$ cat data_21.txt   # compact mmCIF, C-alpha atoms
# COMPACT_ATOMS: atom_id res chain seq x y z
CA MET C 258 48.74 17.14 -34.14
CA ALA C 259 49.93 13.75 -35.43
CA THR C 260 50.79 12.73 -31.88
CA GLY C 261 47.24 13.59 -30.72
CA ARG C 262 45.78 11.40 -33.48
CA ASP C 263 48.18 8.58 -32.59
CA ASP C 264 47.12 8.80 -28.93
CA PHE C 265 43.46 8.58 -29.98
CA VAL C 266 44.14 5.52 -32.17
CA ILE C 267 46.15 3.86 -29.39
CA ALA C 268 43.38 4.54 -26.83
CA ILE C 269 40.69 3.16 -29.16
CA ARG C 270 42.76 0.11 -30.06
CA SER C 271 43.54 -0.54 -26.44
CA ALA C 272 39.86 -0.14 -25.42
CA PHE C 273 38.55 -2.57 -28.03
CA LEU C 274 41.32 -5.15 -28.32
CA LYS C 275 43.18 -5.27 -25.02
CA LYS C 276 42.07 -7.96 -22.57
CA LYS C 277 42.42 -7.51 -18.82
CA ASP C 278 43.75 -10.37 -16.70
CA LYS C 279 40.31 -11.72 -15.87
CA GLN C 280 38.69 -11.01 -19.26
CA LYS C 281 38.50 -14.00 -21.56
CA PHE C 282 37.26 -12.13 -24.64
CA SER C 283 38.10 -8.71 -26.06
CA LEU C 284 35.37 -6.09 -26.29
CA LEU C 285 35.45 -6.10 -30.08
CA THR C 286 34.86 -9.88 -30.22
CA LEU C 287 31.82 -9.59 -27.97
CA ILE C 288 30.42 -6.58 -29.88
CA PHE C 289 30.67 -8.58 -33.12
CA LEU C 290 29.12 -11.56 -31.35
CA SER C 291 26.15 -9.48 -30.20
CA ILE C 292 25.65 -8.09 -33.75
CA PHE C 293 25.79 -11.69 -35.00
CA VAL C 294 23.15 -12.70 -32.40
CA ILE C 295 20.87 -9.78 -33.42
CA VAL C 296 21.12 -10.82 -37.10
CA LEU C 297 20.60 -14.51 -36.29
CA SER C 298 17.60 -13.82 -34.03
CA ASN C 299 15.96 -12.11 -36.99
CA LEU C 300 16.37 -15.14 -39.27
CA ASN C 301 13.75 -17.87 -39.39
CA PHE C 302 15.83 -21.01 -39.76
CA LYS C 303 14.63 -24.09 -37.91
CA ALA C 304 17.93 -24.52 -35.99
CA ILE C 305 17.89 -20.89 -34.82
CA GLN C 306 14.26 -21.18 -33.75
CA VAL C 307 15.06 -24.29 -31.70
CA ILE C 308 18.01 -22.53 -30.01
CA LYS C 309 15.81 -19.48 -29.35
CA LEU C 310 13.10 -21.66 -27.81
CA GLY C 311 15.71 -23.36 -25.62
CA ILE C 312 17.13 -20.04 -24.40
CA ASN C 313 13.61 -18.71 -23.72
CA GLU C 314 12.64 -21.84 -21.77
CA VAL C 315 15.71 -21.74 -19.52
CA ILE C 316 15.64 -17.97 -18.92
CA TYR C 317 11.87 -17.76 -18.26
CA ILE C 318 12.06 -20.54 -15.68
CA SER C 319 15.20 -19.05 -14.06
CA SER C 320 13.58 -15.61 -13.96
CA HIS C 321 10.45 -17.09 -12.39
CA ILE C 322 12.55 -18.79 -9.70
CA ALA C 323 14.56 -15.60 -9.08
CA SER C 324 11.32 -13.65 -8.64
CA ILE C 325 9.78 -16.04 -6.07
CA PRO C 326 10.91 -14.09 -2.93
CA GLU C 327 9.71 -10.80 -4.42
CA ASN C 328 6.37 -12.30 -5.46
CA LYS C 329 5.91 -13.73 -1.94
CA LEU C 330 6.45 -10.27 -0.47
CA LYS C 331 3.91 -8.81 -2.90
CA GLU C 332 1.42 -11.53 -1.95
CA ILE C 333 1.86 -10.83 1.77
CA ASN C 334 1.39 -7.10 1.16
CA LEU C 335 -1.82 -7.72 -0.82
CA LYS C 336 -3.19 -10.07 1.84
CA PHE C 337 -2.46 -7.51 4.53
CA LYS C 338 -4.21 -4.75 2.58
CA SER C 339 -7.21 -6.96 1.86
CA HIS C 340 -7.43 -7.89 5.55
CA MET C 341 -7.39 -4.21 6.56
CA ASP C 342 -10.17 -3.31 4.08
CA LEU C 343 -12.33 -6.31 4.97
CA TYR C 344 -15.37 -4.53 6.40
CA GLU C 345 -15.53 -1.83 3.72
CA ASN C 346 -15.17 -4.42 0.96
CA HIS C 347 -17.89 -6.59 2.49
CA GLN C 348 -20.42 -3.74 2.39
CA LYS C 349 -19.55 -3.04 -1.25
CA GLU C 350 -19.80 -6.73 -2.14
CA LEU C 351 -23.32 -6.96 -0.66
CA ILE C 352 -24.56 -4.18 -2.94
CA GLU C 353 -22.77 -5.73 -5.92
CA ILE C 354 -24.29 -9.17 -5.26
CA GLU C 355 -27.77 -7.68 -5.24
CA ASN C 356 -27.14 -5.92 -8.55
CA SER C 357 -25.46 -8.89 -10.15
CA GLU C 358 -28.35 -11.23 -9.38
CA GLN C 359 -30.66 -8.98 -11.37
CA LEU C 360 -28.13 -8.80 -14.18
CA LYS C 361 -27.66 -12.58 -14.13
CA LEU C 362 -31.31 -13.21 -14.94
CA GLN C 363 -31.20 -10.68 -17.75
CA ASN C 364 -27.95 -12.19 -19.03
CA GLU C 365 -29.34 -15.74 -19.08
CA PHE C 366 -32.26 -14.61 -21.19
CA LEU C 367 -30.00 -12.73 -23.64
CA THR C 368 -27.57 -15.66 -23.92
CA THR C 369 -30.37 -18.08 -24.81
CA GLU C 370 -31.80 -15.61 -27.30
CA ASN C 371 -28.37 -15.03 -28.84
CA LYS C 372 -27.79 -18.79 -29.18
CA LYS C 373 -31.12 -19.24 -30.95
CA LEU C 374 -30.38 -16.38 -33.35
CA ARG C 375 -26.93 -17.82 -34.16
CA GLU C 376 -28.53 -21.19 -34.91
CA LEU C 377 -30.94 -19.46 -37.29
CA LEU C 378 -27.92 -17.86 -39.05
CA ASP C 379 -26.20 -21.27 -39.10
CA GLU C 380 -23.26 -19.73 -37.23
CA SER C 381 -21.84 -21.00 -34.00
CA ILE C 382 -18.67 -20.20 -32.12
CA ASN C 383 -16.87 -22.95 -30.27
CA SER C 384 -14.00 -22.22 -27.96
CA GLU C 385 -11.25 -24.17 -26.26
CA GLU C 386 -9.98 -22.88 -22.97
CA ILE C 387 -6.57 -23.45 -21.41
CA PHE C 388 -5.95 -22.19 -17.90
CA ALA C 389 -2.53 -20.64 -17.39
CA ARG C 390 -0.54 -19.09 -14.59
CA VAL C 391 1.46 -15.89 -15.04
CA LEU C 392 5.13 -16.79 -14.62
CA ILE C 393 6.73 -13.38 -15.17
CA ASP C 394 5.06 -9.99 -15.42
CA LYS C 395 8.18 -7.88 -15.73
CA ASP C 396 6.85 -4.67 -17.18
CA SER C 397 9.21 -2.68 -19.28
CA PRO C 398 8.92 0.64 -21.09
CA TYR C 399 9.50 -1.22 -24.36
CA LEU C 400 7.05 -4.08 -24.23
CA LYS C 401 4.01 -4.68 -22.04
CA SER C 402 3.76 -8.42 -21.87
CA VAL C 403 3.46 -11.38 -19.51
CA VAL C 404 4.96 -14.86 -19.66
CA LEU C 405 2.49 -17.72 -19.14
CA ASN C 406 3.21 -21.31 -18.06
CA LYS C 407 1.52 -22.98 -21.04
CA GLY C 408 3.18 -23.58 -24.41
CA THR C 409 3.10 -25.78 -27.51
CA LYS C 410 2.83 -28.93 -25.37
CA ASP C 411 -0.56 -27.60 -24.19
CA LYS C 412 -1.57 -26.68 -27.77
CA VAL C 413 -1.13 -22.94 -27.32
CA LYS C 414 -0.77 -21.11 -30.64
CA ILE C 415 0.17 -17.58 -31.69
CA GLY C 416 -2.84 -15.26 -31.89
CA MET C 417 -4.96 -16.94 -29.18
CA ALA C 418 -6.90 -14.61 -26.90
CA VAL C 419 -5.86 -14.14 -23.28
CA ILE C 420 -8.78 -13.56 -20.94
CA ASP C 421 -8.88 -12.52 -17.29
CA GLU C 422 -12.27 -13.64 -15.89
CA VAL C 423 -14.42 -12.38 -18.79
CA TYR C 424 -12.25 -9.47 -19.90
CA LEU C 425 -9.76 -9.46 -22.76
CA VAL C 426 -6.21 -8.72 -21.61
CA GLY C 427 -4.12 -9.52 -24.69
CA GLN C 428 -3.05 -12.11 -27.21
CA ILE C 429 -0.31 -14.71 -27.56
CA ILE C 430 2.68 -13.47 -29.58
CA GLU C 431 5.38 -16.05 -28.84
CA VAL C 432 5.09 -19.74 -28.00
CA ASN C 433 7.81 -21.97 -26.54
CA TYR C 434 7.56 -25.63 -25.51
CA SER C 435 6.33 -25.11 -21.94
CA ASN C 436 5.59 -21.37 -21.84
CA SER C 437 4.39 -18.51 -23.97
CA ARG C 438 4.38 -14.71 -24.05
CA ALA C 439 1.18 -12.63 -24.25
CA LEU C 440 1.21 -9.05 -25.50
CA LEU C 441 -1.02 -6.95 -23.24
CA LEU C 442 -3.64 -4.54 -24.59
CA SER C 443 -1.71 -1.63 -23.08
CA ASP C 444 1.36 -2.18 -25.29
CA LEU C 445 2.01 0.36 -28.04
CA ASN C 446 2.01 -2.46 -30.62
CA SER C 447 -1.38 -3.89 -29.59
CA LYS C 448 -4.25 -3.16 -32.03
CA ILE C 449 -7.60 -4.87 -31.43
CA PRO C 450 -10.60 -4.49 -33.79
CA SER C 451 -13.47 -3.41 -31.58
CA VAL C 452 -16.98 -2.10 -31.50
CA LEU C 453 -18.05 0.80 -29.27
CA GLU C 454 -21.43 0.37 -27.64
CA PRO C 455 -24.15 1.67 -27.36
CA ASP C 456 -23.42 3.66 -30.56
CA ASP C 457 -22.23 0.56 -32.50
CA ILE C 458 -19.11 2.25 -33.91
CA GLN C 459 -16.37 0.08 -35.42
CA SER C 460 -12.89 1.09 -34.27
CA VAL C 461 -9.48 -0.18 -33.27
CA VAL C 462 -8.41 -0.15 -29.61
CA SER C 463 -4.74 0.62 -29.45
CA GLY C 464 -2.33 0.46 -26.52
CA THR C 465 -0.41 3.54 -25.44
CA GLY C 466 2.42 2.08 -23.37
CA GLY C 467 0.64 3.46 -20.26
CA ASN C 468 -2.22 1.99 -18.22
CA PHE C 469 -4.91 3.01 -20.69
CA GLY C 470 -5.77 2.61 -24.37
CA THR C 471 -6.94 4.88 -27.16
CA ILE C 472 -9.43 4.59 -29.97
CA GLU C 473 -8.12 4.74 -33.51
CA HIS C 474 -9.67 4.79 -36.97
CA THR C 475 -12.93 6.52 -36.12
CA GLN C 476 -14.04 9.88 -37.38
CA ILE C 477 -13.76 12.91 -35.11
CA ASP C 478 -17.55 13.46 -35.38
CA TYR C 479 -18.11 10.19 -33.57
CA LYS C 480 -15.77 11.20 -30.77
CA GLU C 481 -17.87 14.34 -30.26
CA GLY C 482 -20.83 12.04 -29.59
CA PHE C 483 -18.89 10.31 -26.77
CA LYS C 484 -19.15 13.33 -24.52
CA ASN C 485 -21.20 12.78 -21.36
CA LYS C 486 -21.76 9.12 -22.20
CA GLU C 487 -20.34 5.89 -20.91
CA ILE C 488 -18.97 3.93 -23.85
CA ILE C 489 -18.01 0.26 -23.56
CA ALA C 490 -15.51 -1.26 -26.00
CA TYR C 491 -16.04 -4.91 -26.98
CA THR C 492 -14.13 -7.01 -29.49
CA SER C 493 -15.81 -6.82 -32.89
CA GLY C 494 -14.52 -10.20 -34.07
CA LEU C 495 -13.52 -8.66 -37.40
CA GLY C 496 -9.94 -9.90 -37.26
CA GLY C 497 -11.21 -13.50 -37.12
CA LEU C 498 -9.11 -14.29 -34.03
CA PHE C 499 -11.49 -13.30 -31.24
CA LYS C 500 -15.21 -13.82 -30.91
CA PRO C 501 -17.32 -10.67 -30.94
CA GLY C 502 -18.46 -9.23 -27.62
CA ILE C 503 -15.51 -9.77 -25.27
CA PRO C 504 -15.40 -6.70 -22.99
CA ILE C 505 -12.19 -4.66 -23.29
CA GLY C 506 -12.69 -1.42 -21.38
CA LYS C 507 -14.80 1.66 -20.98
CA ILE C 508 -14.65 5.37 -21.70
CA ASP C 509 -16.49 7.60 -19.28
CA SER C 510 -16.87 11.35 -19.14
CA SER C 511 -13.88 11.73 -16.80
CA SER C 512 -11.44 9.65 -18.86
CA ASN C 513 -10.83 12.23 -21.63
CA GLY C 514 -11.44 9.77 -24.46
CA GLN C 515 -9.01 7.22 -23.00
CA ILE C 516 -10.09 3.61 -22.57
CA ASN C 517 -9.74 2.30 -19.03
CA PHE C 518 -9.23 -1.43 -19.34
CA PHE C 519 -11.55 -3.58 -17.20
CA SER C 520 -8.73 -5.84 -16.11
CA ASP C 521 -5.87 -4.66 -13.91
CA PHE C 522 -2.80 -5.90 -15.78
CA THR C 523 -0.55 -5.51 -12.74
CA GLN C 524 -2.61 -8.05 -10.75
CA LEU C 525 -2.76 -10.91 -13.24
CA ASN C 526 -2.16 -14.32 -11.62
CA TYR C 527 -4.27 -16.79 -13.56
CA VAL C 528 -5.67 -16.27 -17.06
CA LYS C 529 -7.48 -18.25 -19.73
CA ILE C 530 -5.94 -18.78 -23.15
CA ILE C 531 -8.78 -19.24 -25.60
CA SER C 532 -8.99 -20.22 -29.25
CA TYR C 533 -12.23 -19.66 -31.10
CA LYS C 534 -13.57 -21.83 -33.89
CA PHE C 535 -16.18 -20.20 -36.09
CA GLU C 536 -18.55 -22.68 -37.69
CA GLY C 537 -20.68 -21.76 -40.68
CA GLU C 538 -17.80 -19.74 -42.10
CA GLU C 539 -15.58 -20.89 -44.92
CA MET N 16 31.96 -6.38 12.06
CA SER N 17 35.72 -7.00 11.89
CA SER N 18 35.13 -10.74 12.32
CA LEU N 19 32.56 -10.54 9.52
CA ASN N 20 35.15 -8.84 7.31
CA LYS N 21 37.53 -11.74 7.90
CA SER N 22 34.93 -14.37 7.08
CA PRO N 23 35.84 -16.05 3.75
CA PHE N 24 32.18 -16.27 2.71
CA PHE N 25 31.69 -12.53 3.26
CA ARG N 26 34.86 -11.74 1.28
CA ILE N 27 33.69 -13.83 -1.67
CA PHE N 28 30.19 -12.39 -1.45
CA ILE N 29 31.50 -8.80 -1.47
CA SER N 30 33.81 -9.45 -4.41
CA TYR N 31 30.97 -11.00 -6.44
CA LEU N 32 28.37 -8.40 -5.40
CA PRO N 33 28.57 -6.33 -8.62
CA ILE N 34 27.90 -9.45 -10.73
CA ILE N 35 25.15 -10.59 -8.34
CA MET N 36 23.49 -7.16 -8.59
CA LEU N 37 23.76 -7.23 -12.39
CA PHE N 38 22.15 -10.65 -12.78
CA PHE N 39 19.61 -10.00 -10.03
CA SER N 40 18.39 -6.85 -11.79
CA VAL N 41 18.06 -8.51 -15.19
CA PHE N 42 16.42 -11.69 -13.87
CA ASN N 43 14.09 -10.19 -11.30
CA GLU N 44 10.61 -8.79 -11.95
CA PHE N 45 11.42 -5.65 -9.99
CA ASP N 46 12.87 -3.11 -12.38
CA PHE N 47 13.95 0.49 -11.75
CA ASN N 48 13.46 0.88 -15.50
CA TYR N 49 9.73 0.59 -14.97
CA LEU N 50 8.55 1.74 -11.55
CA LYS N 51 4.86 2.19 -12.48
CA LEU N 52 5.28 5.89 -11.72
CA ASP N 53 4.46 8.51 -14.32
CA TYR N 54 7.48 10.30 -15.72
CA PHE N 55 9.98 8.55 -13.47
CA ALA N 56 12.30 5.69 -14.37
CA PHE N 57 16.01 5.10 -14.58
CA ASN N 58 18.24 2.35 -15.84
CA PHE N 59 20.05 0.78 -12.89
CA VAL N 60 21.94 -1.68 -15.10
CA HIS N 61 23.45 1.13 -17.16
CA LEU N 62 24.69 2.84 -13.97
CA LEU N 63 26.09 -0.40 -12.60
CA ILE N 64 27.97 -1.28 -15.80
CA PHE N 65 29.22 2.28 -16.28
CA PHE N 66 30.67 2.53 -12.77
CA TRP N 67 32.28 -0.89 -12.52
CA THR N 68 33.73 -1.08 -16.01
CA LEU N 69 35.16 2.40 -15.47
CA ARG N 70 36.52 2.11 -11.93
CA ASN N 71 37.18 -1.60 -11.42
CA PRO N 72 36.69 -3.64 -14.60
CA ASP N 73 38.07 -6.79 -12.96
CA GLN N 74 34.84 -7.10 -10.94
CA LEU N 75 32.51 -7.13 -13.95
CA GLY N 76 33.68 -9.17 -16.94
CA TYR N 77 32.59 -8.35 -20.46
CA LEU N 78 31.34 -11.90 -20.98
CA ALA N 79 29.07 -11.60 -17.91
CA ILE N 80 27.76 -8.30 -19.27
CA PHE N 81 27.11 -9.92 -22.65
CA PHE N 82 25.10 -12.73 -21.03
CA ALA N 83 23.24 -10.28 -18.79
CA GLY N 84 22.17 -8.43 -21.95
CA ILE N 85 20.91 -11.65 -23.55
CA ILE N 86 18.91 -12.49 -20.39
CA ASN N 87 17.49 -8.97 -20.21
CA ASP N 88 16.30 -9.20 -23.84
CA VAL N 89 14.59 -12.55 -23.28
CA VAL N 90 12.93 -11.44 -20.02
CA ILE N 91 11.54 -8.17 -21.37
CA GLY N 92 10.74 -9.70 -24.76
CA ILE N 93 12.77 -7.68 -27.25
CA PRO N 94 14.87 -9.28 -30.03
CA ILE N 95 17.88 -11.12 -28.56
CA GLY N 96 21.22 -9.31 -28.70
CA ILE N 97 20.08 -5.66 -28.55
CA SER N 98 20.76 -5.10 -24.84
CA SER N 99 24.09 -6.97 -25.06
CA PHE N 100 25.14 -4.70 -27.90
CA CYS N 101 24.14 -1.56 -25.98
CA TYR N 102 25.84 -2.72 -22.77
CA LEU N 103 29.04 -3.47 -24.69
CA ILE N 104 28.96 -0.04 -26.36
CA LEU N 105 28.74 1.37 -22.82
CA CYS N 106 31.77 -0.76 -21.90
CA SER N 107 33.74 0.45 -24.92
CA VAL N 108 33.14 4.09 -23.93
CA THR N 109 34.28 3.41 -20.35
CA ALA N 110 37.33 1.49 -21.63
CA TYR N 111 38.22 4.47 -23.84
CA ILE N 112 37.75 6.95 -20.95
CA ARG N 113 39.90 4.73 -18.72
CA ASN N 114 42.67 4.69 -21.31
CA ILE N 115 42.80 8.46 -21.80
CA THR N 116 42.38 9.38 -18.12
CA LEU N 117 45.34 9.60 -15.77
CA SER N 118 43.49 10.71 -12.65
CA PRO N 119 39.75 9.84 -12.48
CA ASN N 120 37.41 12.79 -12.03
CA PHE N 121 33.79 12.36 -10.93
CA ILE N 122 32.41 15.36 -12.88
CA LYS N 123 34.06 14.28 -16.14
CA ASP N 124 32.76 10.75 -15.65
CA TRP N 125 29.28 12.08 -14.96
CA ILE N 126 29.20 14.23 -18.10
CA SER N 127 30.52 11.38 -20.24
CA LEU N 128 27.76 9.18 -18.79
CA LEU N 129 25.15 11.57 -20.19
CA PHE N 130 26.58 11.38 -23.71
CA THR N 131 26.98 7.61 -23.46
CA ILE N 132 23.41 7.04 -22.29
CA LEU N 133 22.03 9.27 -25.02
CA LEU N 134 24.12 7.34 -27.54
CA ILE N 135 23.09 3.85 -26.43
CA ASN N 136 19.42 4.76 -26.02
CA SER N 137 19.46 6.26 -29.52
CA ILE N 138 21.02 3.07 -30.87
CA GLN N 139 18.38 0.99 -29.08
CA VAL N 140 15.52 3.13 -30.41
CA ILE N 141 16.93 2.98 -33.95
CA ILE N 142 17.28 -0.81 -33.84
CA LEU N 143 13.85 -1.40 -32.26
CA ASP N 144 11.85 1.17 -34.19
CA LEU N 145 13.50 1.22 -37.60
CA VAL N 146 14.91 -2.30 -37.95
CA PHE N 147 12.45 -4.46 -35.98
CA LEU N 148 9.45 -2.10 -36.42
CA ILE N 149 8.57 -2.29 -32.70
CA GLU N 150 6.84 0.94 -31.68
CA VAL N 151 8.59 2.64 -28.74
CA ASP N 152 7.78 5.65 -26.62
CA TYR N 153 10.45 8.30 -27.24
CA ILE N 154 9.39 10.36 -24.21
CA ASN N 155 9.95 7.33 -21.97
CA TYR N 156 13.47 6.95 -23.30
CA LEU N 157 14.21 10.64 -22.79
CA ILE N 158 12.89 10.61 -19.21
CA ASN N 159 14.80 7.40 -18.52
CA SER N 160 18.04 8.92 -19.84
CA GLY N 161 17.53 12.07 -17.76
CA PHE N 162 16.90 10.25 -14.48
CA THR N 163 19.70 7.75 -15.11
CA PHE N 164 22.05 10.72 -15.46
CA LEU N 165 20.67 12.44 -12.34
CA PHE N 166 20.85 9.31 -10.18
CA TYR N 167 24.50 8.58 -10.94
CA PRO N 168 25.90 10.56 -7.95
CA ILE N 169 23.73 8.59 -5.49
CA PHE N 170 24.79 5.23 -6.85
CA PHE N 171 28.36 6.48 -7.25
CA VAL N 172 28.58 6.92 -3.46
CA PHE N 173 27.26 3.40 -2.86
CA PHE N 174 29.36 1.72 -5.55
CA ASN N 175 32.46 3.65 -4.51
CA PHE N 176 32.03 2.47 -0.94
CA LEU N 177 31.71 -1.10 -2.18
CA ASN N 178 34.69 -0.71 -4.49
CA GLU N 179 36.85 0.57 -1.63
CA ARG N 180 35.76 -2.43 0.46
CA ILE N 181 36.66 -4.83 -2.34
CA SER N 182 40.05 -3.16 -2.92
CA TYR N 183 40.74 -3.14 0.82
CA GLN N 184 40.00 -6.85 1.06
CA ALA N 185 42.09 -7.63 -2.02
CA ASN N 186 45.09 -5.83 -0.51
CA ASP N 187 44.53 -7.25 2.96
$ encode --input "data_21.txt" --output "structure tokens"
Amino acid sequence: MATGRDDFVIAIRSAFLKKKDKQKFSLLTLIFLSIFVIVLSNLNFKAIQVIKLGINEVIYISSHIASIPENKLKEINLKFKSHMDLYENHQKELIEIENSEQLKLQNEFLTTENKKLRELLDESINSEEIFARVLIDKDSPYLKSVVLNKGTKDKVKIGMAVIDEVYLVGQIIEVNYSNSRALLLSDLNSKIPSVLEPDDIQSVVSGTGGNFGTIEHTQIDYKEGFKNKEIIAYTSGLGGLFKPGIPIGKIDSSSNGQINFFSDFTQLNYVKIISYKFEGEE
Amino acid sequence: MSSLNKSPFFRIFISYLPIIMLFFSVFNEFDFNYLKLDYFAFNFVHLLIFFWTLRNPDQLGYLAIFFAGIINDVVIGIPIGISSFCYLILCSVTAYIRNITLSPNFIKDWISLLFTILLINSIQVIILDLVFLIEVDYINYLINSGFTFLFYPIFFVFFNFLNERISYQAND
């Protein structure tokens, strides 16, 4: 019995402490080093933050370079598909152009009216836009995020909205010197205050880790009213970070209460990083 | 093919292939861990580290694994050090198995892989969810563990072939 225990101790000791010819560090040293790194990365000292920013900068750029051949292949594949669907897409576009021209006129009228009403309330929203390119969109089961090529040198700050065309796709959660990371709406940790139209219900749009979102913090009675209706979720502006009215996604009768985001997060190439300034508010 | 085998560049390339695969999979956007398919994903890096640290640890140094973990954390955006810690736990299990095993057995290795993956994924979930308060999808982890376990035989054949090639060249 004692021999068995001795064997176990010898095997454990050998596994953790013994170095092979080509190994420069023992396993135990590196395990302690990784625990030390985890603890350090959780501390907010200036020196650690600078080191973290440096590591992020180097790795993001290296990862972007390593992904260039793969991204080229993806681009070729997309171009090929788009070429094959050219005629079908053209017919669809013609119908959409006709519809959008009608909507454009309506939209111009509403925008002017909205501006006038805001002036009456002595409230105006100014925004600053920064155009950014998606460097890395490595999806993972743990965090749905993208790395953008704009950072503190371009005045990007944590909490700024990330917009694809006119649709909200996420917000900035980490800023380095020349790049930043945006948390996508589909991530489990994403919670956006929103308003559901046409019923004007305040809610929170939450990510699920999948390709859709869910509505939280509304009463079940309201959800009953969603049946057989198309509901559009817009930002409510209640958090103070985003302006009200940015489209997020829609719930239709076939989506089972799930929000289908307007933007396709797998096809993001260029986005706008926007900060909003609310005047007339203290 | 025999002239290719004698080429010094090919020899070096083959001997560094495990490390190249490791760094390629952590740096690159393409990830078996997230294939955009419902209920299907597996962790290629775990399989790679498990095989090479068990069968031929000289080809995959612990320091390289540590750095690969750091890179993986930065690229996917989780707190730095978690993946390194998990990869090194995987290495410690394989080092222990290597020490207590006289003749390697595929089935025993495969079963120990299951327990190891469940252990390291549990550690990762505990650190992310309870320490860093990052919400994670438990079902995803479970599916990932299951498929990683099931895919081991396929990658075992490929890695074993490569390992034999490397050993053959080393003895040549």
$ interface_residues --input "data_21.txt" --of "chain N" --to "chain C" --cutoff "9 Å" --atoms "all atoms listed in the file" --output "PyMOL selection string"
chain N and resi 39+41-46+48-51+53+72-74+76-78+81+85-86+89-101+103-104+106-115+147+149-152+155-156
$ residues_near_point --input "data_21.txt" --point "(-22.5, -10.0, -36.5)" --cutoff "10 Å" --atoms "only C-alpha atoms" --output "MDAnalysis selection string"
chainID C and resid 375 378 380 493:495 500:502
$ residues_near_point --input "data_21.txt" --point "(-11.5, -22.7, -22.2)" --cutoff "12 Å" --atoms "all atoms listed in the file" --output "ChimeraX atom specification"
/C:383-389,413,417-423,528-534
$ write_last_selection --input "data_21.txt" --atoms "C-alpha atoms" --output "PDB file, in the coordinates of the input"
ATOM      1  CA  ASN C 383     -16.870 -22.950 -30.270  1.00  0.00           C
ATOM      2  CA  SER C 384     -14.000 -22.220 -27.960  1.00  0.00           C
ATOM      3  CA  GLU C 385     -11.250 -24.170 -26.260  1.00  0.00           C
ATOM      4  CA  GLU C 386      -9.980 -22.880 -22.970  1.00  0.00           C
ATOM      5  CA  ILE C 387      -6.570 -23.450 -21.410  1.00  0.00           C
ATOM      6  CA  PHE C 388      -5.950 -22.190 -17.900  1.00  0.00           C
ATOM      7  CA  ALA C 389      -2.530 -20.640 -17.390  1.00  0.00           C
ATOM      8  CA  VAL C 413      -1.130 -22.940 -27.320  1.00  0.00           C
ATOM      9  CA  MET C 417      -4.960 -16.940 -29.180  1.00  0.00           C
ATOM     10  CA  ALA C 418      -6.900 -14.610 -26.900  1.00  0.00           C
ATOM     11  CA  VAL C 419      -5.860 -14.140 -23.280  1.00  0.00           C
ATOM     12  CA  ILE C 420      -8.780 -13.560 -20.940  1.00  0.00           C
ATOM     13  CA  ASP C 421      -8.880 -12.520 -17.290  1.00  0.00           C
ATOM     14  CA  GLU C 422     -12.270 -13.640 -15.890  1.00  0.00           C
ATOM     15  CA  VAL C 423     -14.420 -12.380 -18.790  1.00  0.00           C
ATOM     16  CA  VAL C 528      -5.670 -16.270 -17.060  1.00  0.00           C
ATOM     17  CA  LYS C 529      -7.480 -18.250 -19.730  1.00  0.00           C
ATOM     18  CA  ILE C 530      -5.940 -18.780 -23.150  1.00  0.00           C
ATOM     19  CA  ILE C 531      -8.780 -19.240 -25.600  1.00  0.00           C
ATOM     20  CA  SER C 532      -8.990 -20.220 -29.250  1.00  0.00           C
ATOM     21  CA  TYR C 533     -12.230 -19.660 -31.100  1.00  0.00           C
ATOM     22  CA  LYS C 534     -13.570 -21.830 -33.890  1.00  0.00           C
TER      23      LYS C 534
END
$ atom_distance --input "data_21.txt" --atom1 "atom CA of C:Gly497" --atom2 "atom CA of C:Leu442"
17.2 Å
$ residues_around --input "data_21.txt" --residues "C:Thr471" --least-positions-apart "2" --cutoff "9 Å" --atoms "only C-alpha atoms" --output "NGL selection string"
:C and (461-465 or 469 or 473 or 514-517)
$ residues_around --input "data_21.txt" --residues "stretch 122-134 of chain N" --least-positions-apart "2" --cutoff "7 Å" --atoms "all atoms listed in the file" --output "MDAnalysis selection string"
chainID N and resid 105 120 136:138 160 164
$ atom_distance --input "data_21.txt" --atom1 "atom CA of C:Leu498" --atom2 "atom CA of C:Val307"
26.3 Å
$ atom_distance --input "data_21.txt" --atom1 "atom CA of C:Asn436" --atom2 "atom CA of C:Thr409"
7.6 Å
$ build_atoms --input "data_21.txt" --residues "stretch 173-178 of chain N" --atoms "N, CA and C atoms" --output "PDB file, in the frame of the given file"
ATOM      1  N   PHE N 173      27.429   4.780  -3.308  1.00  0.00           N
ATOM      2  CA  PHE N 173      27.260   3.400  -2.860  1.00  0.00           C
ATOM      3  C   PHE N 173      28.289   2.469  -3.520  1.00  0.00           C
ATOM      4  N   PHE N 174      28.425   2.591  -4.836  1.00  0.00           N
ATOM      5  CA  PHE N 174      29.360   1.720  -5.550  1.00  0.00           C
ATOM      6  C   PHE N 174      30.805   2.001  -5.132  1.00  0.00           C
ATOM      7  N   ASN N 175      31.097   3.267  -4.890  1.00  0.00           N
ATOM      8  CA  ASN N 175      32.460   3.650  -4.510  1.00  0.00           C
ATOM      9  C   ASN N 175      32.815   3.047  -3.150  1.00  0.00           C
ATOM     10  N   PHE N 176      31.840   3.075  -2.264  1.00  0.00           N
ATOM     11  CA  PHE N 176      32.030   2.470  -0.940  1.00  0.00           C
ATOM     12  C   PHE N 176      32.334   0.973  -1.081  1.00  0.00           C
ATOM     13  N   LEU N 177      31.542   0.330  -1.936  1.00  0.00           N
ATOM     14  CA  LEU N 177      31.710  -1.100  -2.180  1.00  0.00           C
ATOM     15  C   LEU N 177      33.061  -1.391  -2.834  1.00  0.00           C
ATOM     16  N   ASN N 178      33.425  -0.543  -3.772  1.00  0.00           N
ATOM     17  CA  ASN N 178      34.690  -0.710  -4.490  1.00  0.00           C
ATOM     18  C   ASN N 178      35.883  -0.583  -3.529  1.00  0.00           C
TER      19      ASN N 178
END
